[in-house]
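Chemist: Before we start, here is the structure in question, set down as structure tokens.
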Amino acid sequence: MSSAVRFETVGLRYDAYGPEVLRDVDFTLPAGSFHFLTGASGAGKSSLLKLIYLGAAPSRGQVTVFGQETTRISPADRTSLRRRMGVVFHDFQLIDHLTAFDNAALPLRVAGQKPKAYSEDVQELLNWVGLGARIESYPPALSAGEKQRLAIARAVVGRPWLILADEPTGAVDDDMAVRILRLFVELNRLGATVLIATHDHELVGRSGMPSLHLDRGRLTQVPA
Amino acid sequence: MRSYRPGPLLPTREGRDVALFAVVAILCFLATFGAMAAAAAQRAADGWSRAMAAEATVQVNPRPDESGDQAAARAAEILAAVPGVIEAEALERAEAERLLRPWLGEAILPDLPLPHLVVVRLDPDQPAQAAALSRALAEAGLDARVDDHSVWRSDVGHAAQTATFAAIGLAGLAALAAGCAVIFACGAALQARHEMVQVLSLTGATHAYIANLFQARFAWLAAVAGAAGALGAIGLLAAVILGGGDQGLTPALPFDWSDIVMAAPTPVLAAGLAALAARLTVRRLLHVAYRTETRG
């Protein structure tokens, strides 16, 4: 099975003289796999996701995503790689002056699709995550849970090959958490590789999916 | 299902845009009026040159056996017959005194020895050359010096050229300043929208796509500001022409209604300059971010 993501002796420090937030991280996520990424706050979960979505470059080692080394990638290839990913950020990163509809449709819009082509799909997805009545609302008017669901809708709307989610159920109730997890499982069943960073051990246990565990920047648990 | 019309990716109104609009409008006003002033300076120089080229002045030194007025009258008669001369007229002492009175006053004029001059009006299409005039006078036995105003014409030409270059230079500087203001504003806008740009990039927007957003926004702002500046310049031009009578506010800068044409390209040039400045700034900043994110 080909790998979707591969880390080889990866180290990351944000500052040349600062501490290493990730150290000697080695793992491979096969294409089409589903994993959780667990660890305490500050363990480096968000930083690890950042390296995958090309938000930062490793200080040492190599990160390969869908066969492309992320430190030797042209802007065009980086864009094409990012179009194959859906990312749910811990802080949602929604655009405040765009409606929920426009925020959710953003990946399709920047890829050049016409509103006519994606309008129905986006509305359906927003209905599915429970935001059908808030389609024309702006993020500042949404609750934390609604923002999170909107961020998830935006991440999955383009049917990405790789879904990276940073605490995607942190601000929603249990029922919605299960519903969101079911969505990720369904997308995984359709072929997407999924990596969810969480410290919700109950969610991990309930899903029965394998997990990687980070402890102070080191990977201490890697599924076989 | 309803159909939704997507909103603009960049917010349509931002507080800082008002200041940028004002700066670009003022600079466009200065650049446009500078161009109008350059055209007027050029027009003035052409007018003066043409007027001076259409005339020559001859100073006659009378022989011992004739008076100055007689010598001047004879010279005028001879010069009037030279091809390329429309009219030659001896300047009488009374007329010469009238011309000098504002400079020298009344007291000394009667005792002052004045040169005996002949004013020669030349055919503007085929003017007689100074050499031909001198030859005709010499052949008639007249001792005279012909001044075809070429030195003055050259000085006026240089002065007008300097004024034109100065006006063009000021217009260019104003355009450059407008470009710098857009570059600065664009950089600031990009910094202020850093998170949004990051989201666009992470959701798959290319550098060109992001640059297009900023380019379109600043081009539109500059086009409207440019139009406002151009209208301001047209307003000032109208005030100068209407308020200054027949010769405009000053004969030194004869503005004309046709100078309005100078304002036409201002919005387009402002938009083009702003688009270019915005595009280059955004691409450069995105490239810096790309290099940071990829160790490139």
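Just so we're on the same page: first chain in the structure tokens is A, next is B, and so on; residues restart at 1 for each chain, and ligands are numbered from 1 in the order they show up.
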For chain B, which residues have at least one atom within 9 Å of chain A, if we go by only C-alpha atoms? Write them as an NGL selection string, please.

Modeler: :B and (1-11 or 195-196 or 198-207 or 209 or 287 or 290 or 292-296)

Chemist: Pull N, CA, C and O atoms from the residues just selected and write them as a compact mmCIF listing (two decimals), in the first residue's frame.

Modeler:
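Saved as result.txt:
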```
# COMPACT_ATOMS: atom_id res chain seq x y z
N MET B 1 -33.51 24.19 -3.49
CA MET B 1 -32.29 24.83 -2.98
C MET B 1 -32.17 26.25 -3.52
O MET B 1 -32.41 26.48 -4.70
N ARG B 2 -31.76 27.15 -2.64
CA ARG B 2 -31.56 28.55 -3.08
C ARG B 2 -30.22 28.69 -3.79
O ARG B 2 -29.31 27.88 -3.59
N SER B 3 -30.13 29.71 -4.61
CA SER B 3 -28.80 29.95 -5.20
C SER B 3 -28.17 31.13 -4.46
O SER B 3 -28.84 32.12 -4.17
N TYR B 4 -26.91 30.98 -4.13
CA TYR B 4 -26.20 32.01 -3.37
C TYR B 4 -25.18 32.69 -4.25
O TYR B 4 -24.48 32.04 -5.01
N ARG B 5 -25.14 34.00 -4.11
CA ARG B 5 -24.14 34.76 -4.86
C ARG B 5 -22.94 34.98 -3.94
O ARG B 5 -23.10 35.53 -2.84
N PRO B 6 -21.77 34.48 -4.34
CA PRO B 6 -20.63 34.62 -3.42
C PRO B 6 -20.25 36.08 -3.16
O PRO B 6 -20.32 36.91 -4.07
N GLY B 7 -19.88 36.36 -1.93
CA GLY B 7 -19.45 37.72 -1.57
C GLY B 7 -17.99 37.93 -1.94
O GLY B 7 -17.28 36.97 -2.25
N PRO B 8 -17.53 39.19 -1.91
CA PRO B 8 -16.12 39.44 -2.26
C PRO B 8 -15.18 38.85 -1.22
O PRO B 8 -15.46 38.91 -0.02
N LEU B 9 -14.09 38.26 -1.69
CA LEU B 9 -13.15 37.62 -0.76
C LEU B 9 -12.41 38.64 0.10
O LEU B 9 -12.04 38.35 1.23
N LEU B 10 -12.17 39.82 -0.48
CA LEU B 10 -11.59 40.88 0.35
C LEU B 10 -12.72 41.80 0.80
O LEU B 10 -13.62 42.08 0.00
N PRO B 11 -12.70 42.25 2.04
CA PRO B 11 -13.80 43.13 2.48
C PRO B 11 -13.87 44.37 1.59
O PRO B 11 -12.84 44.89 1.17
N GLU B 195 -3.88 36.43 8.14
CA GLU B 195 -4.55 35.17 8.45
C GLU B 195 -5.45 34.73 7.31
O GLU B 195 -5.54 33.55 6.98
N MET B 196 -6.12 35.72 6.71
CA MET B 196 -7.00 35.39 5.59
C MET B 196 -6.21 34.85 4.40
O MET B 196 -6.59 33.88 3.76
N GLN B 198 -3.41 33.39 4.59
CA GLN B 198 -2.96 32.06 4.99
C GLN B 198 -4.06 31.03 4.74
O GLN B 198 -3.81 29.95 4.20
N VAL B 199 -5.30 31.38 5.10
CA VAL B 199 -6.42 30.46 4.90
C VAL B 199 -6.62 30.20 3.40
O VAL B 199 -6.81 29.06 2.97
N LEU B 200 -6.56 31.27 2.62
CA LEU B 200 -6.72 31.11 1.17
C LEU B 200 -5.66 30.17 0.62
O LEU B 200 -5.94 29.28 -0.18
N SER B 201 -4.43 30.39 1.07
CA SER B 201 -3.32 29.57 0.60
C SER B 201 -3.51 28.11 1.04
O SER B 201 -3.31 27.18 0.24
N LEU B 202 -3.93 27.91 2.28
CA LEU B 202 -4.11 26.55 2.79
C LEU B 202 -5.29 25.83 2.13
O LEU B 202 -5.33 24.62 2.07
N THR B 203 -6.25 26.61 1.64
CA THR B 203 -7.39 25.96 0.99
C THR B 203 -7.16 25.79 -0.51
O THR B 203 -8.06 25.41 -1.24
N GLY B 204 -5.93 26.11 -0.94
CA GLY B 204 -5.58 25.79 -2.32
C GLY B 204 -5.54 26.94 -3.30
O GLY B 204 -5.52 26.73 -4.51
N ALA B 205 -5.52 28.17 -2.78
CA ALA B 205 -5.42 29.31 -3.70
C ALA B 205 -3.97 29.47 -4.15
O ALA B 205 -3.05 29.34 -3.34
N THR B 206 -3.78 29.72 -5.41
CA THR B 206 -2.42 29.94 -5.92
C THR B 206 -1.97 31.36 -5.56
O THR B 206 -2.81 32.21 -5.23
N HIS B 207 -0.67 31.59 -5.69
CA HIS B 207 -0.16 32.95 -5.45
C HIS B 207 -0.82 33.93 -6.43
O HIS B 207 -1.16 35.05 -6.06
N TYR B 209 -3.75 33.76 -7.77
CA TYR B 209 -5.15 33.99 -7.38
C TYR B 209 -5.21 35.06 -6.27
O TYR B 209 -6.00 36.01 -6.34
N HIS B 287 5.95 34.99 -1.73
CA HIS B 287 7.14 34.18 -2.01
C HIS B 287 8.01 34.06 -0.76
O HIS B 287 8.55 33.00 -0.48
N TYR B 290 6.37 31.56 1.33
CA TYR B 290 6.59 30.23 0.76
C TYR B 290 7.97 29.70 1.12
O TYR B 290 8.14 28.54 1.51
N THR B 292 9.74 30.51 3.68
CA THR B 292 9.78 30.18 5.10
C THR B 292 9.13 28.82 5.35
O THR B 292 9.61 28.04 6.17
N GLU B 293 8.05 28.56 4.63
CA GLU B 293 7.29 27.33 4.88
C GLU B 293 7.93 26.10 4.24
O GLU B 293 7.57 24.98 4.56
N THR B 294 8.83 26.32 3.30
CA THR B 294 9.40 25.15 2.61
C THR B 294 10.93 25.09 2.69
O THR B 294 11.53 24.26 2.03
N ARG B 295 11.52 25.92 3.49
CA ARG B 295 12.98 25.98 3.59
C ARG B 295 13.59 26.31 2.23
O ARG B 295 14.73 26.00 1.96
N GLY B 296 12.77 26.87 1.31
CA GLY B 296 13.22 27.07 -0.07
C GLY B 296 14.21 28.19 -0.23
O GLY B 296 14.39 29.01 0.60
```

Chemist: Show which residues sit within 10 Å of range 25-30 of chain B, as an MDAnalysis selection string. Count only C-alpha atoms, and ignore same-chain residues fewer than 6 positions away.

Modeler: chainID B and resid 19 36 167 170:179 181 221:234 236 263 266:267 269:270

Chemist: How about saving the chosen residues, N, CA, C and O atoms kept, as a short mmCIF file (atom, residue, chain, number, x, y, z; two decimals), in the first residue's frame?

Modeler:
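Writing done, so here's result_29.cif:
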```cif
data_model
loop_
_atom_site.label_atom_id
_atom_site.label_comp_id
_atom_site.auth_asym_id
_atom_site.auth_seq_id
_atom_site.Cartn_x
_atom_site.Cartn_y
_atom_site.Cartn_z
N ALA B 19 -7.73 56.84 3.71
CA ALA B 19 -6.47 57.60 3.68
C ALA B 19 -5.74 57.35 2.37
O ALA B 19 -5.23 58.29 1.74
N MET B 36 -0.67 69.25 -17.38
CA MET B 36 -1.35 70.39 -18.03
C MET B 36 -0.42 71.61 -18.06
O MET B 36 -0.34 72.32 -19.06
N ALA B 167 7.91 70.41 -15.13
CA ALA B 167 6.50 70.00 -14.95
C ALA B 167 6.34 68.50 -15.15
O ALA B 167 5.65 67.83 -14.38
N LEU B 170 7.79 66.75 -12.17
CA LEU B 170 6.89 66.79 -11.01
C LEU B 170 5.74 65.80 -11.18
O LEU B 170 5.36 65.11 -10.24
N ALA B 171 5.21 65.74 -12.41
CA ALA B 171 4.12 64.79 -12.68
C ALA B 171 4.63 63.36 -12.47
O ALA B 171 3.95 62.53 -11.85
N GLY B 172 5.85 63.09 -12.94
CA GLY B 172 6.44 61.76 -12.77
C GLY B 172 6.66 61.43 -11.31
O GLY B 172 6.39 60.31 -10.86
N LEU B 173 7.16 62.43 -10.55
CA LEU B 173 7.39 62.20 -9.12
C LEU B 173 6.09 61.92 -8.39
O LEU B 173 6.03 61.06 -7.51
N ALA B 174 5.04 62.66 -8.78
CA ALA B 174 3.73 62.44 -8.15
C ALA B 174 3.26 61.02 -8.46
O ALA B 174 2.72 60.32 -7.58
N ALA B 175 3.48 60.57 -9.70
CA ALA B 175 3.07 59.20 -10.08
C ALA B 175 3.88 58.18 -9.28
O ALA B 175 3.33 57.18 -8.79
N LEU B 176 5.18 58.46 -9.12
CA LEU B 176 6.04 57.54 -8.37
C LEU B 176 5.59 57.48 -6.90
O LEU B 176 5.50 56.40 -6.31
N ALA B 177 5.27 58.65 -6.36
CA ALA B 177 4.81 58.70 -4.97
C ALA B 177 3.50 57.93 -4.82
O ALA B 177 3.30 57.23 -3.83
N ALA B 178 2.62 58.06 -5.84
CA ALA B 178 1.35 57.30 -5.79
C ALA B 178 1.65 55.81 -5.79
O ALA B 178 1.04 55.04 -5.04
N GLY B 179 2.60 55.39 -6.62
CA GLY B 179 2.98 53.97 -6.68
C GLY B 179 3.52 53.50 -5.34
O GLY B 179 3.17 52.43 -4.85
N ALA B 181 2.91 54.80 -2.43
CA ALA B 181 1.80 54.76 -1.45
C ALA B 181 1.02 53.46 -1.60
O ALA B 181 0.64 52.83 -0.61
N LEU B 221 -9.54 50.97 -6.56
CA LEU B 221 -9.41 52.12 -5.67
C LEU B 221 -8.62 53.24 -6.36
O LEU B 221 -9.02 54.41 -6.33
N ALA B 222 -7.51 52.87 -7.02
CA ALA B 222 -6.68 53.88 -7.68
C ALA B 222 -7.40 54.50 -8.87
O ALA B 222 -7.23 55.69 -9.15
N ALA B 223 -8.20 53.69 -9.57
CA ALA B 223 -8.94 54.23 -10.72
C ALA B 223 -9.92 55.30 -10.26
O ALA B 223 -10.02 56.39 -10.86
N VAL B 224 -10.63 55.01 -9.17
CA VAL B 224 -11.61 55.98 -8.67
C VAL B 224 -10.88 57.22 -8.11
O VAL B 224 -11.27 58.37 -8.39
N ALA B 225 -9.80 56.96 -7.36
CA ALA B 225 -9.02 58.09 -6.82
C ALA B 225 -8.41 58.90 -7.96
O ALA B 225 -8.36 60.14 -7.90
N GLY B 226 -7.95 58.20 -8.99
CA GLY B 226 -7.36 58.87 -10.16
C GLY B 226 -8.40 59.75 -10.85
O GLY B 226 -8.11 60.88 -11.26
N ALA B 227 -9.63 59.23 -10.96
CA ALA B 227 -10.70 60.00 -11.59
C ALA B 227 -11.01 61.25 -10.75
O ALA B 227 -11.21 62.34 -11.29
N ALA B 228 -10.99 61.07 -9.42
CA ALA B 228 -11.25 62.22 -8.54
C ALA B 228 -10.15 63.27 -8.70
O ALA B 228 -10.43 64.47 -8.80
N GLY B 229 -8.90 62.81 -8.73
CA GLY B 229 -7.77 63.72 -8.91
C GLY B 229 -7.84 64.43 -10.25
O GLY B 229 -7.58 65.64 -10.35
N ALA B 230 -8.20 63.68 -11.29
CA ALA B 230 -8.28 64.26 -12.64
C ALA B 230 -9.40 65.31 -12.69
O ALA B 230 -9.23 66.38 -13.29
N LEU B 231 -10.53 65.00 -12.04
CA LEU B 231 -11.63 65.97 -12.00
C LEU B 231 -11.21 67.24 -11.27
O LEU B 231 -11.55 68.35 -11.68
N GLY B 232 -10.43 67.06 -10.20
CA GLY B 232 -9.91 68.21 -9.46
C GLY B 232 -9.03 69.07 -10.35
O GLY B 232 -9.13 70.31 -10.35
N ALA B 233 -8.18 68.41 -11.14
CA ALA B 233 -7.27 69.14 -12.03
C ALA B 233 -8.07 69.88 -13.11
O ALA B 233 -7.76 71.03 -13.45
N ILE B 234 -9.13 69.22 -13.61
CA ILE B 234 -9.98 69.87 -14.63
C ILE B 234 -10.67 71.09 -14.01
O ILE B 234 -10.78 72.16 -14.63
N LEU B 236 -9.56 72.95 -11.55
CA LEU B 236 -8.59 74.04 -11.40
C LEU B 236 -8.29 74.68 -12.76
O LEU B 236 -8.19 75.91 -12.87
N ALA B 263 -6.20 64.86 -18.71
CA ALA B 263 -6.78 64.19 -17.54
C ALA B 263 -7.35 62.82 -17.88
O ALA B 263 -7.55 61.99 -17.00
N THR B 266 -5.48 59.63 -16.74
CA THR B 266 -5.08 59.55 -15.32
C THR B 266 -5.68 58.34 -14.58
O THR B 266 -4.94 57.58 -13.95
N PRO B 267 -7.01 58.13 -14.64
CA PRO B 267 -7.55 56.97 -13.91
C PRO B 267 -6.98 55.63 -14.41
O PRO B 267 -6.68 54.75 -13.60
N LEU B 269 -4.03 55.15 -15.94
CA LEU B 269 -2.63 55.02 -15.53
C LEU B 269 -2.52 54.73 -14.03
O LEU B 269 -1.72 53.90 -13.61
N ALA B 270 -3.36 55.40 -13.24
CA ALA B 270 -3.33 55.17 -11.78
C ALA B 270 -3.70 53.72 -11.49
O ALA B 270 -3.05 53.04 -10.67
#
```

Chemist: Could you tell me how far CA of Arg101 in chain B sits from CA of Ser67 in chain B, in Å to one decimal place?

Modeler: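 Distance reported for this atom pair: 22.9 Å.
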
Chemist: Excluding range 208-224 of chain A and any residue of its chain fewer than 4 positions from it, enumerate the residues within 10 Å of it, using only C-alpha atoms, and give them as a PyMOL selection string.

Modeler: chain A and resi 10-12+20-29+33-45+47-48+185+195-199+203-204

Chemist: Among the residues of range 124-157 of chain A, find those DSSP assigns to helix (DSSP H, G or I) from the backbone and print them as a count of residues only.

Modeler: 24

Chemist: Could you jot down the CA of Ala31 in chain B to CA of Arg153 in chain B separation for me, Å, one decimal place?

Modeler: 28.8 Å

Chemist: My list of candidates is A:Leu49, A:Leu181, A:Leu131, A:Ala192. Which is closest to Arg149 in chain A when distances are computed with only C-alpha atoms?

Modeler: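 The shortest atom-to-atom distance to Arg149 in chain A comes from A:Leu131.
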
Chemist: Can you measure CA of Val119 in chain B to CA of Glu55 in chain B for me? One decimal in Å is fine.

Modeler: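 About the pair CA of Val119 in chain B and CA of Glu55 in chain B: they are 7.1 Å apart.
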